[in-house]
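One structure is given here, and the rest of the page talks about it.
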Amino acid sequence: MKKLICIILLFTGLTGFKPNSNRHITGKISDAQIAIPGATVQVVGTKIAVITDMNGMYAIDVPDGCDQLSFNFIGYLKQVVKIKKSDVINVVLIPNTNGLNEVVVAGYGTAKRMHMRRSSGSPNADISIDEPVGNSDAKVTEADPNMPAATLRRPVPLVANQVNTDESYSPIVENGFDNVKDKPLSTFSVDVDNASYSNVRRMINNGQMPPANAVRIEEMINYFSYNLSPPNNNEPVAIHTELSAAPWNAKHRLLRIGLKAKIIPNDALPASNITFLLDVSGSMEDQNKLPLVKASMKMLVDELRPKDKVAIVTYAGDAGIRLMPTSGDKKATIDSVIDALYAGGSTNGGEGIKMAYKLASENYVTKGNNRIIMATDGDFNVGPSSNEDMETLITRERETGVAISILGVGMGNLKDSKMETLADKGNGNYFYIDNITEARKALISEFGGTMFIVAKDVKLQVEFNPAKVQAYRLLGYEDRMLNKEDFNNDRKDAGDMGSGHTVTALYEIVPAGIKDDYAGSVDPLKYQQVEEQHYSTTGEMLTIKFRYKQPDSMTSKMSQEVVKDDPEELSKTSADFKFAASVAEFGMLLRDSQYKQGSNYDQAIKLARQAKGEDNDGYRSEFIKLVESAKLLDKSALASNANVNIK
């Protein structure tokens with residue numbers, strides 16, 4: 001027997017037989033800021049593939065004779081890397097836009113430019129890396145072969161893409177200027193949605209100017225966080241104000257009203273009863289829809305605690321329960337159900353909503369976070385499906401005490417109007433998720449503000465002093481306007497604020513005593529006697545009244561703040577004031593607002609640059625680049641700025 005074993009070993013050595021000729025490659029996939037879970041790593045030319053874990057890590061066995069790996073994730077450029085000496089390959093993926101960036105390659109020790117080639121003539125074709133650097137780490141962005149490399153610095157699409165879409169947006173009739181003597185009160189509900197900004201960003205990054213009705217100015221402003229002090233004395237919300245000149249009209253004032261909700265530490269947040277309501281219909285099969293939703297849901301599952309519970313309801317032609325309420329520490333069980341989901345069939349969203357509310361209400365947690373998280377493109381086509389149907393359904397179901405948050409995904413058939421209605425009427429919030437980074441922002445970074453309510457039915461009412469103000473206009477909030485009587489009516493539904501949330505509202509004010517076309521005038525009345533009124537001489541410009549309810553109360557409380565007619569110079573205002581004004585100006589330009597007056601891209605960019613601050617998350621820097629790209633897309637801007645020099 002010993003002699004036989006020796007013969008076998010000798011034969012093995014002579015023939016060069018290797019029991020395992022696979023090469024074990026490991027690494028991490030990330031973008032410029034965070035790890036990317038759920039990315040696909042595949043051995044080129046084979047069906048061997050793995051998915052990155054929650055930390056963006058992967059490990060894959062590469063057969064002998066294979067020397068390339070592809071790295072791919074929704075919303076990012078696919079990269080193909082050649083395997084050389086190192087068994088560690090870390091890759092930084094780049095968002096897939098039509099932007100034209102300078103090619104940058106970074107290795108462990110040295111960096112150099114690499115020759116890039118497209119695998120086809122398509123502008124969205126995969127990028128191949130012919131020569132990896134160092135230990136095969138690579139950071140690659142697209143270069144336009146028709147432009148000199150020295151001129152490429154950042155996304156600069158020069159022509160708007162003509163995209164045929166079936167997207168729907170509710171019409172917006174912009175708030176105009178109201179004469180104070182006719183309408184001294186302005187009343188509205190807070191809005192904590194921010195879907196408009198990420199959706200607009202998606203379009204501009206794809207080389208397409210957004211339709212006017214996709215631009216909701218208040219949602220663009222409230223996408224960003226602001227440095228406001230939290231409330232004292234255990235109050236749920238603090239109010240802050242700032243007054244200066246309007247950047248687009250120096251004769252006008254711009255009033256910023258900022259609300260800051262109290263912050264509840266994550267370890268002190270109450271138990272969650274979460275029901276995932278996931279659209280698995282045929283329209284969700286695209287890579288930037290259901291696959292992105294699954295990766296997003298798994299990120300949220302990773303944050304859950306043992307006291308939290310998750311259920312999963314899906315809908316296509318019919319609705320069904322995929323997972324009964326399961327403890328948050330059973331992550332493998334929850335993830336396995338999510339992994340098994342696939343898209344196909346028609347879309348009966350109404351049936352899915354009813355089933356999700358029923359399941360959530362049956363497992364209601366007293367003084368807990370009871371919430372449905374619905375992920376969909378909004379393209380319902382079976383059963384009640386109109387916006388009016390959804391409003392009726394959600395208004396009835398919200399009486400269960402269960403809120404609903406909407407994650408909108410996809411492009412081409414996005415039903416923004418329907419999803420906004422669901423969130424607004426369901427005491428929830430609406431986000432548009434275009435990539436995994438945005439999902440992390442909404443579901444992880446802003447987890448408390450998204451999920452845990454500290455003040456409900458939050459309303460504001462501003463009373464203007466005619467001695468100081470001729471006219472005023474609220475920027476945005478068109479679908480959140482209330483009648484003046486609604487402010488004191490506790491039965492009137494309004495928006496909610498979550499832990500740590502900030503809400504910003506801007507008023508443009510025409511001061512008394514200046515000639516202005518926006519103030520308006522009417523002839524004196526012939527048949528009615530106008531009583532002369534006496535106004536305060538204390539310098540008060542306006543009074544802000546703020547009304548809210550505690551989460552477990554049906555009775556509201558009110559506080560108020562007086563603003564004096566004492567504006568600061570624009571140059572001396574806070575960074576947050578300048579930045580919010582810049583976003584508002586950008587929104588008016590995108591809408592081509594009749595009230596944009598002296599607004600222009602260069603001014604918006606200048607204000608935003610002055611207000612960038614530390615910008616740890618990079619969102620303000622991203623905004624500046626977005627305005628620069630929109631400026632180049634805007635035909636009128638191109639016509640008036642033939643020589644563009646971006647620095």
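Identifiers in the structure tokens: chain A, B, ... in order shown; residue index from 1 per chain; ligand index from 1 in order shown.
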* Tell me, as a PyMOL selection string, which residues lie within 12 Å of Tyr58 of chain A, counting only C-alpha atoms; anything in the same chain fewer than 5 positions away does not count. => chain A and resi 24-30+35-42+49-53+69+71+87-91
Pull N, CA and C atoms from the residues just selected and write them as a CSV table (one decimal), in the first residue's frame.
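Final file, out.csv:
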chain,number,residue,atom,x,y,z
A,24,HIS,N,-7.5,32.6,-5.2
A,24,HIS,CA,-8.5,33.3,-4.3
A,24,HIS,C,-8.2,34.8,-4.2
A,25,ILE,N,-9.2,35.5,-4.8
A,25,ILE,CA,-9.1,37.0,-4.8
A,25,ILE,C,-10.0,37.6,-3.9
A,26,THR,N,-9.6,38.6,-3.1
A,26,THR,CA,-10.5,39.3,-2.1
A,26,THR,C,-10.3,40.8,-2.4
A,27,GLY,N,-11.3,41.6,-1.8
A,27,GLY,CA,-11.2,43.0,-1.9
A,27,GLY,C,-12.4,43.7,-1.4
A,28,LYS,N,-12.4,45.0,-1.6
A,28,LYS,CA,-13.6,45.8,-1.2
A,28,LYS,C,-14.0,46.7,-2.3
A,29,ILE,N,-15.4,46.8,-2.5
A,29,ILE,CA,-16.0,47.7,-3.5
A,29,ILE,C,-16.6,48.9,-2.8
A,30,SER,N,-16.3,50.1,-3.3
A,30,SER,CA,-16.9,51.3,-2.7
A,30,SER,C,-17.1,52.3,-3.7
A,35,ALA,N,-18.8,52.1,1.4
A,35,ALA,CA,-18.8,50.7,0.9
A,35,ALA,C,-20.1,50.5,0.1
A,36,ILE,N,-20.0,49.6,-0.9
A,36,ILE,CA,-21.2,49.3,-1.6
A,36,ILE,C,-21.6,47.8,-1.4
A,37,PRO,N,-22.6,47.5,-0.6
A,37,PRO,CA,-23.1,46.2,-0.5
A,37,PRO,C,-23.9,45.8,-1.7
A,38,GLY,N,-23.9,44.5,-2.0
A,38,GLY,CA,-24.8,44.0,-3.1
A,38,GLY,C,-24.2,44.2,-4.5
A,39,ALA,N,-22.9,44.6,-4.6
A,39,ALA,CA,-22.3,44.8,-5.9
A,39,ALA,C,-21.9,43.4,-6.4
A,40,THR,N,-21.9,43.2,-7.7
A,40,THR,CA,-21.6,41.9,-8.4
A,40,THR,C,-20.1,41.9,-8.8
A,41,VAL,N,-19.4,40.8,-8.4
A,41,VAL,CA,-18.1,40.6,-8.9
A,41,VAL,C,-18.1,39.3,-9.7
A,42,GLN,N,-17.7,39.3,-10.9
A,42,GLN,CA,-17.8,38.2,-11.8
A,42,GLN,C,-16.5,37.9,-12.5
A,49,ALA,N,-19.7,34.1,-10.1
A,49,ALA,CA,-19.9,35.5,-9.6
A,49,ALA,C,-20.2,35.4,-8.1
A,50,VAL,N,-20.0,36.5,-7.4
A,50,VAL,CA,-20.3,36.7,-6.0
A,50,VAL,C,-20.9,38.1,-5.8
A,51,ILE,N,-21.5,38.3,-4.6
A,51,ILE,CA,-22.1,39.6,-4.2
A,51,ILE,C,-21.3,40.1,-3.0
A,52,THR,N,-21.0,41.4,-3.0
A,52,THR,CA,-20.4,42.0,-1.8
A,52,THR,C,-21.3,42.0,-0.6
A,53,ASP,N,-20.6,41.9,0.6
A,53,ASP,CA,-21.4,41.8,1.8
A,53,ASP,C,-21.8,43.3,2.3
A,69,LEU,N,-11.6,40.3,-13.9
A,69,LEU,CA,-12.8,40.4,-13.0
A,69,LEU,C,-13.6,41.6,-13.4
A,71,PHE,N,-16.7,44.3,-12.2
A,71,PHE,CA,-17.3,44.9,-11.0
A,71,PHE,C,-18.5,45.7,-11.5
A,87,ASP,N,-3.3,39.4,-4.9
A,87,ASP,CA,-4.6,38.7,-4.6
A,87,ASP,C,-5.6,39.6,-4.0
A,88,VAL,N,-5.3,40.9,-3.9
A,88,VAL,CA,-6.2,41.8,-3.3
A,88,VAL,C,-6.5,42.9,-4.3
A,89,ILE,N,-7.8,43.0,-4.7
A,89,ILE,CA,-8.2,44.0,-5.7
A,89,ILE,C,-9.4,44.8,-5.1
A,90,ASN,N,-9.1,46.1,-4.8
A,90,ASN,CA,-10.1,47.0,-4.3
A,90,ASN,C,-10.5,48.0,-5.4
A,91,VAL,N,-11.8,48.2,-5.6
A,91,VAL,CA,-12.2,49.0,-6.7
A,91,VAL,C,-13.2,50.1,-6.2
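Distances to Ile239 of chain A were evaluated for A:Gln594, A:Thr502, A:Gln550, A:Ser556 using only C-alpha atoms, and the minimum falls at A:Thr502.
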* To do: Using DSSP on the backbone coordinates, identify all residues within segment 508-579 of chain A classified as alpha helix (DSSP H); present the result as an MDAnalysis selection string.
  => chainID A and resid 575:579
* Surrounding residues of Glu585 of chain A excluding itself and chain neighbours under 5 positions, 12 Å, only C-alpha atoms, as a ChimeraX atom specification -> /A:215,217-218,220-221,246-249,254,475-476,506,508,578-580,590-593,595-608,627
* To do: Skip Gln610 of chain A itself and residues of its chain fewer than 5 positions away, then list as a list of chain:residue names all residues within 12 Å of it, counting only C-alpha atoms.
  => A:Leu570, A:Ser571, A:Lys572, A:Thr573, A:Ser574, A:Ala575, A:Asp576, A:Phe577, A:Lys578, A:Phe579, A:Ala580, A:Ala581, A:Ser582, A:Gln603, A:Ala604, A:Ile605, A:Asp615, A:Arg620, A:Ser621, A:Ile624
Store the residues picked out above, limited to N, CA and C atoms, as an mmCIF file, in the first residue's frame.
data_model
loop_
_atom_site.group_PDB
_atom_site.id
_atom_site.type_symbol
_atom_site.label_atom_id
_atom_site.label_comp_id
_atom_site.auth_asym_id
_atom_site.auth_seq_id
_atom_site.Cartn_x
_atom_site.Cartn_y
_atom_site.Cartn_z
ATOM 1 N N LEU A 570 -26.441 90.593 3.232
ATOM 2 C CA LEU A 570 -26.372 89.242 2.699
ATOM 3 C C LEU A 570 -25.000 88.616 2.944
ATOM 4 N N SER A 571 -23.959 89.413 2.829
ATOM 5 C CA SER A 571 -22.601 88.892 3.007
ATOM 6 C C SER A 571 -22.338 88.430 4.433
ATOM 7 N N LYS A 572 -23.134 88.921 5.385
ATOM 8 C CA LYS A 572 -22.923 88.582 6.794
ATOM 9 C C LYS A 572 -23.891 87.517 7.308
ATOM 10 N N THR A 573 -24.743 87.024 6.442
ATOM 11 C CA THR A 573 -25.685 85.990 6.877
ATOM 12 C C THR A 573 -24.950 84.666 7.063
ATOM 13 N N SER A 574 -25.630 83.717 7.690
ATOM 14 C CA SER A 574 -25.033 82.408 7.948
ATOM 15 C C SER A 574 -24.817 81.641 6.653
ATOM 16 N N ALA A 575 -23.946 80.649 6.708
ATOM 17 C CA ALA A 575 -23.723 79.779 5.552
ATOM 18 C C ALA A 575 -25.014 79.075 5.160
ATOM 19 N N ASP A 576 -25.805 78.691 6.152
ATOM 20 C CA ASP A 576 -27.061 77.996 5.860
ATOM 21 C C ASP A 576 -28.039 78.898 5.112
ATOM 22 N N PHE A 577 -28.088 80.187 5.492
ATOM 23 C CA PHE A 577 -28.968 81.125 4.793
ATOM 24 C C PHE A 577 -28.562 81.224 3.329
ATOM 25 N N LYS A 578 -27.271 81.418 3.089
ATOM 26 C CA LYS A 578 -26.786 81.556 1.712
ATOM 27 C C LYS A 578 -27.061 80.283 0.917
ATOM 28 N N PHE A 579 -26.831 79.125 1.547
ATOM 29 C CA PHE A 579 -27.006 77.883 0.800
ATOM 30 C C PHE A 579 -28.475 77.647 0.463
ATOM 31 N N ALA A 580 -29.367 77.861 1.424
ATOM 32 C CA ALA A 580 -30.799 77.685 1.150
ATOM 33 C C ALA A 580 -31.261 78.643 0.054
ATOM 34 N N ALA A 581 -30.746 79.883 0.079
ATOM 35 C CA ALA A 581 -31.096 80.847 -0.962
ATOM 36 C C ALA A 581 -30.586 80.390 -2.323
ATOM 37 N N SER A 582 -29.387 79.806 -2.344
ATOM 38 C CA SER A 582 -28.828 79.297 -3.597
ATOM 39 C C SER A 582 -29.688 78.177 -4.168
ATOM 40 N N GLN A 603 -24.718 83.345 -10.014
ATOM 41 C CA GLN A 603 -24.989 83.837 -8.663
ATOM 42 C C GLN A 603 -25.310 82.685 -7.715
ATOM 43 N N ALA A 604 -26.104 81.718 -8.186
ATOM 44 C CA ALA A 604 -26.425 80.556 -7.356
ATOM 45 C C ALA A 604 -25.157 79.776 -7.017
ATOM 46 N N ILE A 605 -24.266 79.616 -7.998
ATOM 47 C CA ILE A 605 -23.008 78.906 -7.766
ATOM 48 C C ILE A 605 -22.141 79.661 -6.766
ATOM 49 N N ASP A 615 -18.788 70.397 4.932
ATOM 50 C CA ASP A 615 -19.389 69.509 3.932
ATOM 51 C C ASP A 615 -18.838 68.089 4.029
ATOM 52 N N ARG A 620 -23.104 69.289 -0.472
ATOM 53 C CA ARG A 620 -23.092 70.666 -0.984
ATOM 54 C C ARG A 620 -22.144 70.793 -2.178
ATOM 55 N N SER A 621 -21.012 70.096 -2.136
ATOM 56 C CA SER A 621 -20.107 70.096 -3.291
ATOM 57 C C SER A 621 -20.803 69.489 -4.502
ATOM 58 N N ILE A 624 -23.123 72.030 -6.090
ATOM 59 C CA ILE A 624 -22.427 73.027 -6.914
ATOM 60 C C ILE A 624 -22.157 72.467 -8.304
#
